[in-house]
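Below is the file upload_35.txt, which contains compact mmCIF, C-alpha atoms and all ligand atoms.
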```
# COMPACT_ATOMS: atom_id res chain seq x y z
CA MET A 1 66.32 -5.29 -113.80
CA ARG A 2 69.80 -4.29 -114.98
CA ALA A 3 71.65 -5.58 -118.03
CA VAL A 4 74.87 -5.92 -116.06
CA ASP A 5 73.24 -8.36 -113.60
CA ILE A 6 72.07 -10.54 -116.47
CA ILE A 7 75.60 -10.55 -117.93
CA ILE A 8 77.05 -11.47 -114.52
CA LYS A 9 74.51 -14.26 -114.08
CA LYS A 10 75.46 -15.80 -117.42
CA ARG A 11 79.15 -15.27 -116.69
CA ASP A 12 78.60 -17.26 -113.48
CA ARG A 13 76.85 -20.07 -115.38
CA LEU A 14 73.42 -19.54 -113.88
CA GLU A 15 70.21 -20.14 -115.81
CA LEU A 16 68.45 -16.95 -116.97
CA SER A 17 64.71 -16.63 -116.46
CA ASP A 18 62.32 -15.95 -119.36
CA GLU A 19 61.81 -12.41 -117.96
CA GLU A 20 65.56 -11.70 -117.93
CA ILE A 21 65.94 -12.96 -121.49
CA ASN A 22 62.97 -10.86 -122.68
CA PHE A 23 64.36 -7.81 -120.88
CA PHE A 24 67.77 -8.22 -122.51
CA VAL A 25 66.42 -8.78 -126.02
CA GLN A 26 63.96 -5.88 -125.82
CA GLY A 27 66.56 -3.58 -124.27
CA TYR A 28 69.09 -4.34 -127.00
CA VAL A 29 66.58 -3.81 -129.80
CA SER A 30 65.34 -0.51 -128.33
CA GLY A 31 68.92 0.77 -127.94
CA GLU A 32 68.76 0.97 -124.13
CA ILE A 33 71.32 -1.82 -123.86
CA PRO A 34 74.45 -0.76 -125.79
CA ASP A 35 76.59 -2.93 -128.09
CA TYR A 36 79.32 -3.34 -125.46
CA GLN A 37 76.94 -4.98 -122.99
CA ALA A 38 75.35 -7.13 -125.66
CA SER A 39 78.86 -8.22 -126.76
CA ALA A 40 79.79 -9.21 -123.21
CA TRP A 41 76.55 -11.14 -122.82
CA ALA A 42 76.99 -12.92 -126.17
CA MET A 43 80.52 -13.92 -125.15
CA ALA A 44 79.26 -15.25 -121.81
CA VAL A 45 76.66 -17.31 -123.69
CA LEU A 46 79.29 -18.58 -126.09
CA LEU A 47 81.56 -19.65 -123.24
CA ASN A 48 78.94 -21.00 -120.81
CA GLY A 49 76.08 -22.13 -123.07
CA MET A 50 72.37 -22.11 -122.37
CA THR A 51 69.86 -24.73 -121.35
CA ASP A 52 67.31 -25.82 -123.97
CA HIS A 53 64.71 -23.87 -122.01
CA GLU A 54 66.80 -20.68 -122.17
CA THR A 55 67.45 -21.16 -125.89
CA THR A 56 63.75 -21.60 -126.57
CA ALA A 57 62.94 -18.47 -124.54
CA LEU A 58 65.66 -16.52 -126.39
CA THR A 59 64.29 -17.70 -129.75
CA LEU A 60 60.74 -16.66 -128.92
CA ALA A 61 61.87 -13.29 -127.51
CA MET A 62 63.82 -12.62 -130.71
CA ALA A 63 60.92 -13.76 -132.91
CA ASP A 64 58.64 -11.39 -130.98
CA SER A 65 61.05 -8.44 -131.18
CA GLY A 66 59.11 -7.30 -134.25
CA GLU A 67 56.03 -8.41 -136.06
CA ARG A 68 55.31 -12.05 -136.74
CA LEU A 69 53.96 -12.79 -140.18
CA ASP A 70 51.02 -15.08 -140.71
CA LEU A 71 51.49 -16.50 -144.16
CA SER A 72 48.19 -18.39 -144.01
CA GLU A 73 46.60 -15.17 -145.27
CA VAL A 74 48.38 -15.50 -148.59
CA ALA A 75 49.45 -19.16 -148.89
CA PRO A 76 47.80 -22.21 -147.32
CA LEU A 77 51.17 -23.90 -146.91
CA ALA A 78 54.39 -21.94 -147.40
CA VAL A 79 57.90 -23.33 -146.94
CA ASP A 80 61.19 -21.88 -145.89
CA LYS A 81 64.73 -23.18 -145.84
CA HIS A 82 67.74 -22.12 -143.84
CA SER A 83 71.38 -23.05 -143.83
CA THR A 84 73.53 -22.62 -140.74
CA GLY A 85 76.14 -21.03 -142.98
CA GLY A 86 78.97 -22.31 -145.05
CA VAL A 87 81.49 -21.57 -147.74
CA GLY A 88 80.19 -21.51 -151.31
CA ASP A 89 76.64 -22.07 -150.08
CA LYS A 90 74.45 -20.51 -152.77
CA VAL A 91 71.70 -23.11 -152.35
CA THR A 92 68.87 -20.63 -151.61
CA LEU A 93 69.43 -18.88 -154.93
CA ILE A 94 68.71 -22.18 -156.64
CA ILE A 95 66.14 -24.02 -154.57
CA ALA A 96 63.87 -21.02 -153.98
CA PRO A 97 62.87 -20.70 -157.65
CA VAL A 98 62.92 -24.49 -158.09
CA VAL A 99 60.34 -25.18 -155.37
CA ALA A 100 58.28 -22.08 -156.23
CA SER A 101 58.10 -23.26 -159.83
CA CYS A 102 56.75 -26.60 -158.52
CA GLY A 103 53.81 -24.68 -157.02
CA LEU A 104 55.09 -24.50 -153.43
CA PRO A 105 55.25 -20.89 -152.18
CA ILE A 106 58.53 -19.93 -150.50
CA GLY A 107 58.83 -16.84 -148.30
CA LYS A 108 62.27 -16.40 -146.85
CA MET A 109 64.28 -14.00 -144.74
CA SER A 110 67.98 -14.39 -145.36
CA GLY A 111 71.13 -13.03 -143.78
CA ARG A 112 74.37 -11.37 -144.74
CA GLY A 113 77.84 -12.91 -144.62
CA LEU A 114 78.82 -13.94 -141.12
CA GLY A 115 82.49 -14.54 -140.24
CA PHE A 116 84.04 -16.70 -142.97
CA SER A 117 80.64 -17.83 -144.29
CA GLY A 118 78.82 -16.02 -147.10
CA GLY A 119 75.29 -14.61 -146.95
CA THR A 120 72.47 -14.82 -149.47
CA LEU A 121 71.66 -11.10 -149.25
CA ASP A 122 75.22 -10.09 -150.17
CA LYS A 123 75.05 -12.43 -153.16
CA LEU A 124 71.71 -11.04 -154.31
CA GLU A 125 72.99 -7.48 -153.98
CA SER A 126 75.46 -8.25 -156.78
CA ILE A 127 72.42 -7.56 -158.96
CA PRO A 128 71.96 -3.78 -159.30
CA GLY A 129 68.67 -2.61 -157.85
CA TYR A 130 67.77 -5.81 -155.94
CA ARG A 131 65.84 -4.81 -152.82
CA VAL A 132 66.59 -6.70 -149.59
CA ASN A 133 64.51 -4.51 -147.28
CA LEU A 134 60.91 -5.29 -148.13
CA THR A 135 58.14 -4.23 -145.78
CA LYS A 136 55.75 -6.77 -144.36
CA GLU A 137 53.09 -5.74 -146.87
CA GLU A 138 55.51 -6.07 -149.78
CA PHE A 139 56.68 -9.46 -148.52
CA LEU A 140 53.12 -10.80 -148.29
CA ARG A 141 52.00 -9.30 -151.58
CA GLN A 142 54.93 -10.76 -153.48
CA LEU A 143 54.45 -14.19 -151.90
CA LYS A 144 50.81 -14.12 -152.89
CA ASP A 145 51.44 -12.83 -156.42
CA ILE A 146 54.39 -14.93 -157.54
CA GLY A 147 54.99 -17.49 -154.75
CA ILE A 148 58.59 -16.47 -154.04
CA VAL A 149 60.22 -13.77 -151.92
CA VAL A 150 63.66 -13.46 -150.30
CA THR A 151 64.30 -10.44 -148.09
CA GLY A 152 66.43 -9.41 -145.11
CA GLN A 153 65.43 -8.89 -141.50
CA SER A 154 63.72 -5.55 -141.84
CA ALA A 155 62.82 -3.31 -138.93
CA ASP A 156 59.46 -5.10 -138.88
CA LEU A 157 60.61 -8.72 -138.80
CA ALA A 158 62.87 -10.27 -136.14
CA PRO A 159 64.92 -7.05 -135.71
CA ALA A 160 66.70 -8.60 -132.72
CA ASP A 161 68.30 -11.16 -134.98
CA GLY A 162 69.49 -8.52 -137.44
CA LYS A 163 71.19 -6.62 -134.60
CA PHE A 164 72.68 -9.60 -132.80
CA TYR A 165 73.82 -11.15 -136.08
CA ALA A 166 75.85 -8.09 -137.08
CA LEU A 167 77.31 -7.81 -133.58
CA ARG A 168 78.29 -11.48 -133.34
CA ASP A 169 80.00 -11.29 -136.72
CA VAL A 170 82.59 -8.88 -135.33
CA THR A 171 82.89 -10.04 -131.71
CA GLY A 172 83.92 -13.67 -132.16
CA THR A 173 80.57 -14.92 -130.89
CA VAL A 174 79.23 -16.72 -133.94
CA PRO A 175 79.97 -20.40 -133.16
CA SER A 176 77.63 -20.73 -130.19
CA LEU A 177 74.99 -23.45 -130.37
CA PRO A 178 72.24 -21.52 -128.52
CA LEU A 179 72.95 -18.28 -130.38
CA ILE A 180 72.86 -20.01 -133.76
CA ALA A 181 69.69 -21.94 -132.88
CA ALA A 182 67.94 -18.77 -131.67
CA SER A 183 69.13 -16.72 -134.63
CA VAL A 184 67.96 -19.26 -137.19
CA MET A 185 64.67 -20.21 -135.55
CA SER A 186 63.63 -16.67 -134.57
CA LYS A 187 63.84 -15.61 -138.22
CA LYS A 188 61.99 -18.70 -139.30
CA ILE A 189 59.22 -18.28 -136.75
CA ALA A 190 58.81 -14.55 -137.47
CA GLY A 191 58.83 -15.30 -141.20
CA GLY A 192 55.67 -17.32 -140.74
CA ALA A 193 56.42 -20.34 -142.95
CA HIS A 194 54.50 -23.48 -142.03
CA ALA A 195 57.20 -25.94 -143.04
CA ILE A 196 60.95 -25.38 -142.71
CA ILE A 197 63.95 -27.35 -143.96
CA LEU A 198 67.18 -26.72 -142.09
CA ASP A 199 70.50 -27.39 -143.78
CA VAL A 200 72.83 -27.84 -140.82
CA LYS A 201 76.47 -27.83 -141.86
CA THR A 202 79.25 -29.76 -140.22
CA GLY A 203 83.00 -29.78 -140.80
CA ILE A 204 85.98 -27.44 -140.85
CA GLY A 205 84.05 -24.72 -142.68
CA ALA A 206 80.95 -24.89 -140.48
CA PHE A 207 80.15 -23.20 -137.20
CA MET A 208 79.45 -26.70 -135.85
CA GLN A 209 82.62 -28.57 -136.63
CA THR A 210 81.70 -31.99 -135.29
CA LEU A 211 78.89 -34.24 -136.46
CA GLU A 212 77.83 -34.58 -132.83
CA GLY A 213 77.55 -30.77 -132.42
CA ALA A 214 75.62 -30.46 -135.69
CA ARG A 215 73.19 -33.20 -134.61
CA GLU A 216 72.67 -31.45 -131.27
CA LEU A 217 71.98 -28.12 -133.00
CA ALA A 218 69.65 -29.75 -135.54
CA THR A 219 67.69 -31.64 -132.91
CA LEU A 220 67.28 -28.53 -130.76
CA MET A 221 66.05 -26.45 -133.72
CA VAL A 222 63.59 -29.15 -134.80
CA SER A 223 62.19 -29.24 -131.25
CA ILE A 224 61.96 -25.42 -131.01
CA GLY A 225 60.05 -25.55 -134.30
CA LYS A 226 57.63 -28.02 -132.83
CA ILE A 227 57.01 -25.79 -129.79
CA ALA A 228 56.25 -22.95 -132.22
CA ASN A 229 53.86 -25.21 -134.15
CA ARG A 230 55.97 -25.54 -137.31
CA LYS A 231 56.87 -28.60 -139.38
CA VAL A 232 60.67 -28.65 -139.25
CA ALA A 233 63.16 -31.23 -140.53
CA ALA A 234 66.95 -30.93 -140.66
CA LEU A 235 69.54 -32.35 -143.02
CA ILE A 236 73.13 -32.48 -141.85
CA SER A 237 75.51 -31.75 -144.70
CA ASP A 238 79.24 -31.59 -145.29
CA MET A 239 81.16 -28.33 -145.00
CA ASN A 240 84.74 -29.58 -144.94
CA GLN A 241 85.24 -28.35 -148.48
CA PRO A 242 83.34 -25.53 -150.21
CA LEU A 243 80.02 -26.39 -151.82
CA GLY A 244 80.29 -26.12 -155.61
CA CYS A 245 83.26 -24.28 -157.06
CA ALA A 246 82.56 -20.56 -156.60
CA ILE A 247 83.17 -18.55 -153.40
CA GLY A 248 82.39 -14.82 -153.44
CA ASN A 249 79.19 -12.94 -154.15
CA ALA A 250 78.90 -12.41 -157.92
CA LEU A 251 80.89 -15.58 -158.64
CA GLU A 252 78.39 -17.60 -156.59
CA LEU A 253 75.44 -15.94 -158.23
CA LYS A 254 76.86 -16.90 -161.64
CA GLU A 255 77.26 -20.50 -160.49
CA ALA A 256 73.66 -20.57 -159.24
CA ILE A 257 72.52 -19.29 -162.65
CA ASP A 258 74.50 -22.13 -164.29
CA ILE A 259 72.71 -24.72 -162.15
CA LEU A 260 69.31 -23.22 -163.01
CA HIS A 261 70.29 -23.64 -166.68
CA GLY A 262 71.03 -27.34 -166.06
CA HIS A 263 74.84 -26.96 -165.85
CA GLY A 264 77.25 -26.26 -162.98
CA PRO A 265 79.14 -28.46 -160.51
CA SER A 266 77.61 -31.86 -159.79
CA ASP A 267 77.98 -31.67 -155.98
CA LEU A 268 76.06 -28.41 -155.84
CA ARG A 269 73.37 -29.71 -158.19
CA GLU A 270 72.92 -32.91 -156.17
CA HIS A 271 72.81 -30.94 -152.90
CA CYS A 272 70.12 -28.62 -154.27
CA LEU A 273 68.03 -31.46 -155.73
CA THR A 274 68.06 -33.20 -152.35
CA ILE A 275 67.08 -30.10 -150.34
CA ALA A 276 64.39 -29.09 -152.84
CA SER A 277 62.94 -32.63 -152.81
CA TRP A 278 62.68 -32.58 -149.02
CA MET A 279 60.93 -29.23 -149.21
CA LEU A 280 58.33 -30.57 -151.62
CA VAL A 281 57.64 -33.51 -149.32
CA LEU A 282 57.44 -31.38 -146.17
CA GLY A 283 55.30 -28.88 -148.07
CA GLU A 284 52.94 -31.68 -149.14
CA LYS A 285 53.50 -31.24 -152.87
CA ALA A 286 54.88 -34.77 -153.18
CA ASN A 287 54.29 -37.94 -151.21
CA THR A 288 57.76 -39.41 -151.63
CA LEU A 289 61.27 -38.12 -152.13
CA GLU A 290 61.41 -39.98 -155.48
CA THR A 291 58.36 -38.17 -156.87
CA ALA A 292 59.67 -34.88 -155.51
CA ARG A 293 63.01 -35.42 -157.21
CA GLU A 294 61.35 -36.00 -160.57
CA MET A 295 59.42 -32.77 -160.09
CA VAL A 296 62.51 -30.68 -159.31
CA GLU A 297 64.57 -32.21 -162.13
CA ASP A 298 61.73 -31.44 -164.50
CA ALA A 299 61.40 -27.85 -163.25
CA ILE A 300 65.07 -27.26 -164.10
CA SER A 301 65.20 -29.13 -167.41
CA GLN A 302 61.97 -27.52 -168.69
CA GLY A 303 63.20 -24.01 -167.80
CA ARG A 304 60.39 -23.29 -165.32
CA ALA A 305 62.81 -22.77 -162.43
CA TRP A 306 64.80 -20.27 -164.51
CA GLU A 307 61.67 -18.33 -165.47
CA LYS A 308 60.65 -18.22 -161.80
CA PHE A 309 64.11 -16.93 -160.88
CA ARG A 310 63.80 -14.06 -163.39
CA GLN A 311 60.30 -13.25 -162.17
CA TRP A 312 61.54 -13.13 -158.58
CA ILE A 313 64.53 -10.89 -159.32
CA ARG A 314 62.34 -8.53 -161.34
CA ALA A 315 59.71 -8.41 -158.58
CA GLN A 316 62.40 -7.22 -156.14
CA ARG A 317 63.55 -4.59 -158.65
CA GLY A 318 66.78 -6.36 -159.57
CA ASP A 319 67.96 -5.49 -163.07
CA VAL A 320 67.22 -8.73 -164.85
CA ARG A 321 69.70 -7.96 -167.66
CA TYR A 322 72.45 -8.84 -165.18
CA VAL A 323 71.17 -12.36 -164.69
CA ASP A 324 70.32 -12.87 -168.36
CA GLU A 325 73.87 -11.82 -169.23
CA PRO A 326 75.93 -12.65 -166.11
CA GLU A 327 79.07 -11.22 -167.73
CA ARG A 328 77.56 -7.83 -166.78
CA LEU A 329 77.84 -8.69 -163.04
CA PRO A 330 80.68 -7.06 -161.07
CA ALA A 331 83.99 -8.49 -162.31
CA ALA A 332 87.40 -8.41 -160.62
CA ARG A 333 90.35 -6.61 -162.24
CA LEU A 334 92.93 -9.25 -161.32
CA ILE A 335 92.64 -13.02 -161.89
CA LYS A 336 95.39 -15.41 -160.88
CA ASP A 337 95.57 -19.21 -161.02
CA ILE A 338 97.15 -21.17 -158.17
CA SER A 339 98.61 -24.44 -159.42
CA ALA A 340 99.23 -27.79 -157.72
CA LEU A 341 102.77 -28.04 -156.36
CA GLN A 342 102.79 -31.82 -156.85
CA SER A 343 100.81 -34.54 -158.64
CA GLY A 344 98.43 -36.73 -156.64
CA TYR A 345 94.97 -36.72 -155.13
CA ILE A 346 93.36 -33.78 -153.36
CA CYS A 347 92.93 -34.80 -149.71
CA MET A 348 92.00 -31.43 -148.20
CA LEU A 349 90.40 -28.20 -149.40
CA ASN A 350 90.04 -26.41 -146.09
CA ALA A 351 86.67 -24.69 -146.40
CA ARG A 352 87.31 -22.36 -143.46
CA GLU A 353 90.66 -21.18 -144.77
CA ILE A 354 89.19 -20.69 -148.24
CA GLY A 355 86.21 -18.79 -146.77
CA GLU A 356 88.51 -16.56 -144.72
CA THR A 357 90.69 -15.96 -147.75
CA SER A 358 87.64 -14.84 -149.67
CA VAL A 359 86.69 -12.46 -146.82
CA GLY A 360 90.29 -11.15 -146.90
CA LEU A 361 89.85 -10.37 -150.60
CA GLY A 362 86.87 -8.19 -149.62
CA ALA A 363 83.95 -10.59 -150.25
CA GLY A 364 82.97 -10.41 -146.54
CA ARG A 365 83.24 -7.92 -143.69
CA ALA A 366 86.08 -7.25 -141.24
CA LYS A 367 83.83 -5.11 -139.04
CA LYS A 368 80.16 -4.32 -138.59
CA GLY A 369 78.76 -2.15 -141.37
CA ASP A 370 81.69 -2.64 -143.79
CA SER A 371 80.69 -2.81 -147.42
CA VAL A 372 81.56 -5.91 -149.44
CA ASP A 373 83.21 -6.16 -152.84
CA HIS A 374 80.80 -8.21 -154.94
CA ALA A 375 83.35 -8.99 -157.63
CA VAL A 376 86.08 -10.74 -155.65
CA GLY A 377 86.41 -14.35 -154.56
CA ILE A 378 87.83 -17.73 -155.46
CA ILE A 379 87.05 -20.52 -157.91
CA VAL A 380 88.01 -24.03 -156.76
CA HIS A 381 88.81 -26.20 -159.77
CA ARG A 382 89.14 -29.54 -157.98
CA LYS A 383 87.24 -31.34 -155.19
CA VAL A 384 88.51 -33.65 -152.47
CA GLY A 385 89.26 -37.07 -154.03
CA ASP A 386 90.05 -35.62 -157.50
CA GLN A 387 93.34 -36.41 -159.18
CA VAL A 388 95.55 -33.48 -160.12
CA GLN A 389 98.83 -33.12 -162.03
CA LYS A 390 101.63 -30.83 -160.87
CA GLY A 391 101.15 -27.39 -162.47
CA GLU A 392 97.40 -27.75 -163.07
CA PRO A 393 95.27 -25.00 -161.52
CA VAL A 394 93.57 -25.85 -158.23
CA PHE A 395 92.23 -22.33 -157.54
CA SER A 396 91.68 -19.06 -159.39
CA ILE A 397 91.76 -15.88 -157.31
CA TYR A 398 89.57 -12.93 -158.33
CA ALA A 399 90.89 -9.75 -156.69
CA ASN A 400 90.80 -5.98 -156.98
CA ASP A 401 93.94 -5.27 -154.98
CA GLU A 402 97.50 -6.57 -155.58
CA HIS A 403 98.39 -6.82 -151.91
CA ARG A 404 95.25 -8.80 -151.04
CA LEU A 405 95.89 -11.04 -154.04
CA THR A 406 99.37 -11.94 -152.76
CA GLU A 407 98.00 -12.67 -149.29
CA ALA A 408 95.27 -14.88 -150.76
CA GLN A 409 97.81 -16.78 -152.80
CA GLU A 410 99.84 -17.64 -149.69
CA ARG A 411 96.76 -18.75 -147.74
CA LEU A 412 95.37 -20.94 -150.52
CA LEU A 413 98.64 -22.84 -150.86
CA ILE A 414 98.12 -23.98 -147.25
CA ALA A 415 94.39 -24.64 -147.70
CA CYS A 416 94.97 -27.40 -150.25
CA GLN A 417 96.73 -30.66 -149.48
CA ILE A 418 97.65 -33.33 -152.00
CA SER A 419 98.35 -37.00 -151.20
CA ASP A 420 100.18 -39.43 -153.46
CA GLN A 421 97.59 -42.09 -152.50
CA PRO A 422 93.98 -42.12 -153.82
CA TYR A 423 91.68 -40.33 -151.38
CA PRO A 424 87.90 -40.91 -150.91
CA ARG A 425 85.37 -38.27 -151.93
CA LEU A 426 83.49 -36.53 -149.13
CA PRO A 427 79.80 -37.33 -148.62
CA LEU A 428 77.28 -34.55 -149.28
CA PHE A 429 74.96 -35.48 -146.39
CA TYR A 430 75.54 -37.29 -143.10
CA ASP A 431 72.15 -37.51 -141.43
CA VAL A 432 68.53 -36.39 -141.35
CA ILE A 433 66.60 -35.27 -138.28
CA PRO A 434 63.03 -35.79 -139.49
CA TYR A 435 59.93 -33.92 -138.53
CA ALA A 436 58.32 -35.88 -135.71
N1 LIG A 501 72.82 -18.60 -139.66
C1 LIG A 501 72.01 -17.78 -138.96
O1 LIG A 501 70.94 -17.39 -139.41
N2 LIG A 501 72.40 -17.41 -137.74
C2 LIG A 501 73.55 -17.83 -137.20
O2 LIG A 501 73.81 -17.47 -136.11
C3 LIG A 501 74.39 -18.67 -137.94
C4 LIG A 501 73.99 -19.04 -139.18
```

What's the structure tokens form of this structure?
Amino acid sequence: MRAVDIIIKKRDRLELSDEEINFFVQGYVSGEIPDYQASAWAMAVLLNGMTDHETTALTLAMADSGERLDLSEVAPLAVDKHSTGGVGDKVTLIIAPVVASCGLPIGKMSGRGLGFSGGTLDKLESIPGYRVNLTKEEFLRQLKDIGIVVTGQSADLAPADGKFYALRDVTGTVPSLPLIAASVMSKKIAGGAHAIILDVKTGIGAFMQTLEGARELATLMVSIGKIANRKVAALISDMNQPLGCAIGNALELKEAIDILHGHGPSDLREHCLTIASWMLVLGEKANTLETAREMVEDAISQGRAWEKFRQWIRAQRGDVRYVDEPERLPAARLIKDISALQSGYICMLNAREIGETSVGLGAGRAKKGDSVDHAVGIIVHRKVGDQVQKGEPVFSIYANDEHRLTEAQERLLIACQISDQPYPRLPLFYDVIPYA
């Protein structure tokens, strides 16, 4: 078999066999297939799609590119959660300690920023010392000892996803339904969780911009989960505007800390309470969403979720002084407010534009392997539907470079639109694809 023939076959819209998919995935992971061929193949998949059978085969090949964990050894029922990526999405930082503090073990492999969307690992690395490259043994031990662990795709676990993910980020091949489904589900299957909640984003700032596309992705991932013998449910949530107010690594971490202390933006809090409640139901800690919600609200208000967060950060060698006193976290040199040019009602906060602006400030990567600036980003002071007076701040830019600050300013002026008529608020969730 030759990689070039597999690329040509996909270019010509033919269905790949399981053997061809396995060959390509294994060859890329071993280094026999170079980045340029993998890029061409990923672009052919993006343009021509895959059948559900191909996507399932790709997912399983990627899950089997390294070791598969069996969490049953350390937790009778462990959960995981994954978001398809968005702007201001710091949900994992909040719900992981919340559900773990409710007695439901959570073992999770997260990703880095991808395109305009942020990544949990980059946010966690704002904390000096935090380790994102745990071995399998460390992952299992920590899950057993404290019921919470969040790591990256190490060499042991789903290495194919780590490699493809970084490649797609810089080759314009992120927004492909089969590649997203395989990326998400391969990590989840290799991670070994028994129950998985998927937060599938839709809107301008999501890889799946239409509700129809998001439903298709969610349904496919739920069915791949079933084939792999996992309990999977998906929630479809809004990503037209950023989630919460903070965009950028340390800024988002600070906002997550606020929520764990019972403060923070109400949309983010409500989103997290909903996701965490679903996890408790799927993980059989609660029979109904109502009971689950009481449990998660209690975990936050009684401080148990916060204590679990500290325990988790310490276990992964993060310096806990930085979360106890978030003012120690990386801080930008330059802060500039962007004010409303007219009075009225916010009718658009373009999540994609805001996410790309944040990447332009240095919060994300322009090319594979770039480092990120943890300090920079954007605070959004208003949400869609809010009233604003001319001259009031809509955004604050956090930058470390004058030139990038000026560019961000220009972009954000376009990202926000104000109407003189009242404008409805955006929903948080649109649909649920339940476990069947
Ligand atoms: N999240 C992932 O894990 N993979 C993708 O491809 C997109 C979002």

Q | Given all atoms listed in the file as the counted atoms, nearest of A:Leu177, A:Val87, A:Val98, A:Met43 to ligand LIG 501 (chain A) | A | A:Leu177

Distance table requested - chain A against ligand LIG 501 (chain A), cut-off 8 Å, all atoms listed in the file: one row per qualifying residue with the closest atom pair and its distance in Å to one decimal, ordered by chain and rising residue number, as a tab-separated table.
```
residue	atom	partner	partner_atom	distance
A:His82	CA	A:LIG501	O1	7.2
A:Ser83	CA	A:LIG501	N1	6.3
A:Thr84	CA	A:LIG501	C4	3.9
A:Gly85	CA	A:LIG501	C4	4.8
A:Ser110	CA	A:LIG501	O1	7.3
A:Gly111	CA	A:LIG501	O1	6.2
A:Leu114	CA	A:LIG501	C3	7.2
A:Asp161	CA	A:LIG501	N2	8.0
A:Tyr165	CA	A:LIG501	O2	6.3
A:Arg168	CA	A:LIG501	O2	8.0
A:Val174	CA	A:LIG501	O2	5.9
A:Pro175	CA	A:LIG501	O2	7.4
A:Ser176	CA	A:LIG501	O2	7.8
A:Leu179	CA	A:LIG501	O2	5.9
A:Ile180	CA	A:LIG501	O2	3.6
A:Ala181	CA	A:LIG501	O2	6.9
A:Ala182	CA	A:LIG501	O2	7.5
A:Ser183	CA	A:LIG501	N2	4.6
A:Val184	CA	A:LIG501	O1	4.2
A:Met185	CA	A:LIG501	O1	7.9
A:Lys187	CA	A:LIG501	O1	7.4
A:Phe207	CA	A:LIG501	C3	7.4
```

Q) At what distance in Å, to one decimal, does atom CA of A:Met50 lie from atom CA of A:Asn240? A)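 Going from atom CA of A:Asn240 over to atom CA of A:Met50, I get 26.8 Å.
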
Q.
Counting all atoms listed in the file, which residue out of A:Val222, A:Ala195, A:Leu235, A:Ile33 sits closest to A:Ala3?
A.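 With all atoms listed in the file as the atom set, the closest residue is A:Ile33.
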
(Q) So, with only C-alpha atoms as the atoms that count, which of A:Leu412, A:Ile418, A:Ala305, A:Val296 lies closest to A:Ile346? (A)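 Distance minimum relative to A:Ile346 lands on A:Ile418.
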
Q.
Report as a list of chain:residue names all protein, DNA and RNA residues lying within 10 Å of A:Gly27, evaluated on only C-alpha atoms, omitting residues in the same chain fewer than 4 positions from it.
A.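 Neighbouring residues, sequence-local ones excluded: A:Arg2, A:Ala3, A:Ile21, A:Asn22, A:Phe23, A:Gly31, A:Glu32, A:Ile33, A:Pro34, A:Ala38, A:Ala160.
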
Q: Determine the nearest neighbour of A:Glu216 from the options A:Pro178, A:Pro424, A:Gly318, A:Gly360, counting all atoms listed in the file.
A: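 Distance minimum relative to A:Glu216 lands on A:Pro178.
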
Q. What does the distance between atom CA of A:Ile196 and atom CA of A:Leu121 come to in Å, to one decimal place?
A.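 Interatomic distance here is 19.0 Å.
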
Q: Measuring atom to atom with only C-alpha atoms, identify which of A:Thr274, A:Gln37, A:Ser301, A:Ser126 is nearest to A:Leu289.
A: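 Closest residue, counting only C-alpha atoms: A:Thr274.
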
Quick one: stretch 89-95 of chain A from the block, N, CA, C and O atoms, as a PDB file, in the first residue's frame.
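New file result14.pdb:
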```pdb
ATOM      1  N   ASP A  89     -14.425  29.012  26.080  1.00  0.00           N
ATOM      2  CA  ASP A  89     -14.938  27.764  26.659  1.00  0.00           C
ATOM      3  C   ASP A  89     -13.949  27.221  27.703  1.00  0.00           C
ATOM      4  O   ASP A  89     -13.015  26.502  27.365  1.00  0.00           O
ATOM      5  N   LYS A  90     -14.220  27.595  28.952  1.00  0.00           N
ATOM      6  CA  LYS A  90     -13.352  27.119  30.049  1.00  0.00           C
ATOM      7  C   LYS A  90     -14.117  26.137  30.924  1.00  0.00           C
ATOM      8  O   LYS A  90     -13.844  25.990  32.133  1.00  0.00           O
ATOM      9  N   VAL A  91     -15.123  25.479  30.332  1.00  0.00           N
ATOM     10  CA  VAL A  91     -16.063  24.651  31.091  1.00  0.00           C
ATOM     11  C   VAL A  91     -15.366  23.495  31.818  1.00  0.00           C
ATOM     12  O   VAL A  91     -15.687  23.204  32.977  1.00  0.00           O
ATOM     13  N   THR A  92     -14.391  22.846  31.162  1.00  0.00           N
ATOM     14  CA  THR A  92     -13.722  21.707  31.809  1.00  0.00           C
ATOM     15  C   THR A  92     -13.087  22.108  33.139  1.00  0.00           C
ATOM     16  O   THR A  92     -13.134  21.351  34.108  1.00  0.00           O
ATOM     17  N   LEU A  93     -12.507  23.309  33.166  1.00  0.00           N
ATOM     18  CA  LEU A  93     -11.819  23.746  34.391  1.00  0.00           C
ATOM     19  C   LEU A  93     -12.799  23.816  35.562  1.00  0.00           C
ATOM     20  O   LEU A  93     -12.403  23.716  36.716  1.00  0.00           O
ATOM     21  N   ILE A  94     -14.062  23.979  35.239  1.00  0.00           N
ATOM     22  CA  ILE A  94     -15.080  24.142  36.287  1.00  0.00           C
ATOM     23  C   ILE A  94     -15.787  22.822  36.581  1.00  0.00           C
ATOM     24  O   ILE A  94     -15.885  22.390  37.736  1.00  0.00           O
ATOM     25  N   ILE A  95     -16.259  22.160  35.509  1.00  0.00           N
ATOM     26  CA  ILE A  95     -17.090  20.980  35.787  1.00  0.00           C
ATOM     27  C   ILE A  95     -16.269  19.786  36.282  1.00  0.00           C
ATOM     28  O   ILE A  95     -16.798  18.947  37.000  1.00  0.00           O
TER      29      ILE A  95
END
```
